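To be precise, the following lines are my_file.txt, and they hold compact mmCIF, C-alpha atoms.
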# COMPACT_ATOMS: atom_id res chain seq x y z
CA MET W 558 21.32 11.31 -15.04
CA LEU W 559 19.49 14.36 -16.26
CA ALA W 560 17.58 14.75 -13.00
CA ALA W 561 20.85 15.08 -11.09
CA LEU W 562 21.84 18.02 -13.26
CA LEU W 563 18.49 19.80 -13.33
CA LEU W 564 17.10 19.25 -9.84
CA ASP W 565 18.45 20.88 -6.71
CA TYR W 566 19.17 18.45 -3.91
CA ARG W 567 16.89 20.35 -1.49
CA LEU W 568 13.95 19.93 -3.85
CA ALA W 569 14.84 16.27 -4.31
CA VAL W 570 14.75 15.74 -0.53
CA LEU W 571 11.43 17.58 -0.30
CA PHE W 572 9.83 15.57 -3.13
CA LEU W 573 11.17 12.27 -1.83
CA ALA W 574 10.02 12.95 1.75
CA ALA W 575 6.58 14.09 0.60
CA LEU W 576 6.20 11.02 -1.58
CA HIS W 577 7.24 8.64 1.22
CA LEU W 578 4.97 10.27 3.79
CA GLY W 579 2.09 10.53 1.33
CA THR W 580 2.40 6.83 0.55
CA ALA W 581 2.49 5.83 4.20
CA VAL W 582 -0.86 7.49 4.96
CA PRO W 583 -3.12 5.22 2.84
CA LEU W 584 -1.19 2.16 4.01
CA ALA W 585 -1.80 3.16 7.63
CA PHE W 586 -5.50 3.65 6.92
CA GLY W 587 -5.60 0.23 5.26
CA TRP W 588 -4.03 -1.49 8.24
CA VAL W 589 -6.39 0.32 10.61
CA ARG W 590 -9.37 -0.92 8.59
CA LEU W 591 -8.21 -4.49 9.29
CA LEU W 592 -8.58 -4.02 13.03
CA PRO W 593 -11.93 -5.09 14.51
CA GLU W 594 -14.26 -2.28 15.50
CA GLU W 595 -14.89 -1.60 19.15
CA ALA W 596 -18.32 -1.99 20.67
CA PRO W 597 -20.18 1.25 21.39
CA PRO W 598 -19.65 2.45 24.97
CA PHE W 599 -23.35 2.46 25.87
CA GLN W 600 -25.02 -0.56 24.32
CA ILE W 601 -28.83 -0.53 24.33
CA HIS W 602 -30.16 -4.01 24.97
CA ARG W 603 -32.98 -4.77 22.61
CA ALA W 604 -36.10 -6.69 23.41
CA PRO W 605 -36.07 -10.04 21.55
CA ALA W 606 -39.88 -10.41 21.58
CA ARG W 607 -40.68 -7.60 19.16
CA ARG W 608 -39.94 -8.44 15.55
CA TRP W 609 -41.48 -5.30 14.16
CA SER W 610 -39.39 -2.91 16.24
CA ILE W 611 -36.84 -0.71 14.54
CA TYR W 612 -34.30 -1.93 17.06
CA ALA W 613 -34.74 -5.58 16.13
CA HIS W 614 -32.39 -5.39 13.16
CA SER W 615 -29.72 -2.78 12.92
CA SER W 616 -26.90 -2.12 10.50
CA GLU W 617 -24.46 -2.26 13.43
CA ASP W 618 -25.12 -5.99 13.82
CA GLU W 619 -24.15 -6.77 10.25
CA GLU W 620 -20.58 -7.84 9.77
CA THR W 621 -18.90 -6.33 6.74
CA PRO W 622 -17.54 -9.06 4.49
CA ARG W 623 -13.78 -9.19 4.41
CA ASP W 624 -12.04 -9.92 1.14
CA PRO W 625 -9.01 -12.19 1.75
CA VAL W 626 -7.48 -11.21 -1.61
CA ALA W 627 -7.55 -7.55 -0.54
CA MET W 628 -5.80 -8.47 2.70
CA VAL W 629 -3.04 -10.32 0.85
CA LEU W 630 -2.69 -7.42 -1.57
CA LEU W 631 -2.33 -5.02 1.37
CA ILE W 632 0.49 -7.15 2.74
CA CYS W 633 2.24 -7.25 -0.65
CA VAL W 634 1.80 -3.51 -1.22
CA THR W 635 3.24 -2.83 2.24
CA ALA W 636 6.24 -5.02 1.41
CA SER W 637 6.69 -3.14 -1.86
CA TYR W 638 6.67 0.14 0.07
CA ALA W 639 9.09 -1.18 2.68
CA VAL W 640 11.65 -1.96 -0.02
CA GLN W 641 11.55 1.68 -1.12
CA ILE W 642 12.36 3.08 2.34
CA PRO W 643 15.84 4.65 2.30
CA GLY W 644 18.40 2.53 4.10
CA VAL W 645 16.89 -0.82 3.16
CA PRO W 646 19.69 -2.74 1.44
CA ARG W 647 19.13 -3.41 -2.22
CA SER W 648 20.81 -5.88 -4.48
CA LEU W 649 22.55 -5.24 -7.75
CA ALA W 650 19.42 -6.25 -9.63
CA LEU W 651 17.41 -3.38 -8.15
CA SER W 652 19.81 -0.66 -9.22
CA SER W 653 20.85 -1.81 -12.68
CA ILE W 654 18.39 -4.26 -14.17
CA PRO W 655 19.16 -3.48 -17.84
CA THR W 656 22.94 -3.84 -17.49
CA VAL W 657 23.09 -7.06 -15.49
CA ILE W 658 21.88 -10.38 -16.87
CA PRO W 659 21.60 -12.89 -14.02
CA GLN W 660 23.63 -16.04 -14.45
CA ASP W 661 22.41 -18.36 -11.71
CA ALA W 662 19.06 -19.21 -10.16
CA SER W 663 19.41 -16.98 -7.10
CA ASP W 664 19.86 -13.89 -9.28
CA TRP W 665 16.82 -14.85 -11.34
CA ALA W 666 14.80 -15.30 -8.15
CA TRP W 667 15.90 -11.89 -6.90
CA LEU W 668 14.99 -10.35 -10.26
CA ALA W 669 11.56 -12.02 -10.16
CA LEU W 670 11.02 -10.74 -6.61
CA THR W 671 11.90 -7.23 -7.74
CA TRP W 672 9.45 -7.32 -10.60
CA PHE W 673 6.80 -8.80 -8.32
CA LEU W 674 7.25 -5.88 -5.93
CA VAL W 675 6.94 -3.44 -8.84
CA VAL W 676 3.85 -5.05 -10.38
CA VAL W 677 1.84 -5.72 -7.18
CA PRO W 678 0.91 -2.07 -6.44
CA GLY W 679 -0.54 -1.62 -9.92
CA PHE W 680 -2.39 -4.92 -9.70
CA SER W 681 -3.83 -4.02 -6.29
CA ALA W 682 -5.02 -0.63 -7.55
CA ALA W 683 -6.65 -2.25 -10.58
CA TYR W 684 -8.21 -5.02 -8.47
CA SER W 685 -9.70 -2.52 -6.04
CA LEU W 686 -10.92 -0.31 -8.84
CA LEU W 687 -12.75 -3.18 -10.54
CA ARG W 688 -13.96 -5.08 -7.49
CA PRO W 689 -15.32 -3.18 -4.47
CA ASN W 690 -13.98 -4.32 -1.10
CA PHE W 691 -13.47 -2.89 2.35
CA LEU W 692 -9.90 -1.79 1.48
CA ARG W 693 -10.82 -0.16 -1.82
CA VAL W 694 -9.68 3.43 -1.25
CA PRO W 695 -6.46 2.64 0.66
CA LEU W 696 -5.37 0.06 -1.93
CA ILE W 697 -6.03 2.36 -4.88
CA ALA W 698 -4.24 5.31 -3.30
CA ALA W 699 -1.31 3.27 -2.00
CA GLY W 700 -0.96 1.35 -5.27
CA VAL W 701 -0.78 4.50 -7.38
CA LEU W 702 1.59 6.27 -4.98
CA ILE W 703 3.92 3.27 -4.68
CA LEU W 704 4.08 2.96 -8.47
CA LEU W 705 4.96 6.65 -8.58
CA LEU W 706 7.56 6.05 -5.89
CA TRP W 707 9.14 3.21 -7.90
CA LEU W 708 9.31 5.46 -10.97
CA VAL W 709 10.42 8.74 -9.39
CA SER W 710 12.73 7.73 -6.55
CA PRO W 711 15.77 6.67 -8.66
CA PRO W 712 16.13 10.11 -10.32
CA LEU W 713 15.54 11.85 -7.01
CA ARG W 714 18.16 9.70 -5.30
CA ALA W 715 20.56 10.40 -8.16
CA ALA W 716 20.02 14.12 -7.58
CA LEU W 717 20.83 13.59 -3.89
CA GLU W 718 23.98 11.62 -4.65
CA ALA W 719 25.20 14.21 -7.17
CA VAL W 720 25.77 16.65 -4.30
CA SER W 721 28.44 14.49 -2.65

Starting from the coordinates I provided, produce the structure as structure tokens.
Amino acid sequence: MLAALLLDYRLAVLFLAALHLGTAVPLAFGWVRLLPEEAPPFQIHRAPARRWSIYAHSSEDEETPRDPVAMVLLICVTASYAVQIPGVPRSLALSSIPTVIPQDASDWAWLALTWFLVVVPGFSAAYSLLRPNFLRVPLIAAGVLILLLWLVSPPLRAALEAVS
């Protein structure tokens, strides 16, 4: 590959590490947003008799609506990121899709799973961009960074393997 000839292995390690750590940050923020919020430490009990009081209705009491599609997309985007972590075993279909034409159903299923993991980050970023939800920013950031990781990591890994 051309990247193996042009890119120093130290820069490849730096770019790959920065991309992996940068992708993990929005995913962590997304998973933290799924956790329920804690109650404030000093709760002021409000008088139920006064309807006109400013304390009768507060924005703290409102529950933010949770989008189940956004939750499923966060799970799928996290799985797509987990496949890109170095050391996770990959099949032959992940490394050489154009050269290998699957012959049986299990290879076709593995190929479909690979393409699903590649397409889901882009779909989640587009979904969150078009439809506001409580995971909007983490899904957009993670989706774009994971797509970048899918595109850039093979040349960077080739530059790492060229050293050996």

Exercise for the section: Identify, on the basis of all atoms listed in the file, every residue whose closest approach to Ala698 (chain W) does not exceed 9 Å; exclude the query and any residue fewer than 2 positions from it along the same chain; express the result as a PyMOL selection string. Expected result: chain W and resi 580+583-584+682+693-696+700-703

Practice task
Point out the residue among W:Trp707, W:Tyr638, W:Phe680, W:Phe691 with the least atom-to-atom distance to Leu578 (chain W), counting all atoms listed in the file.
Solution key: W:Tyr638

Practice task
Just the residues within 7 Å of Val720 (chain W), please, counting all atoms listed in the file, with nothing from its chain fewer than 2 positions along; format it as a PyMOL selection string.
Solution key: chain W and resi 566+717-718

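Relative to CA of Leu692 (chain W), CA of Met628 (chain W) is found at 7.9 Å.
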
Handout entry: Length of the CA of Glu595 (chain W) to CA of Leu630 (chain W) vector [Å]
Key = 24.7 Å

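CA of Val676 (chain W) lies 25.9 Å from CA of Leu571 (chain W).
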
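Between Asp624 (chain W) and the residues W:Thr671, W:Gln641, W:Ser685, W:Ser710, the shortest atom-to-atom distance, using all atoms listed in the file, involves W:Ser685.
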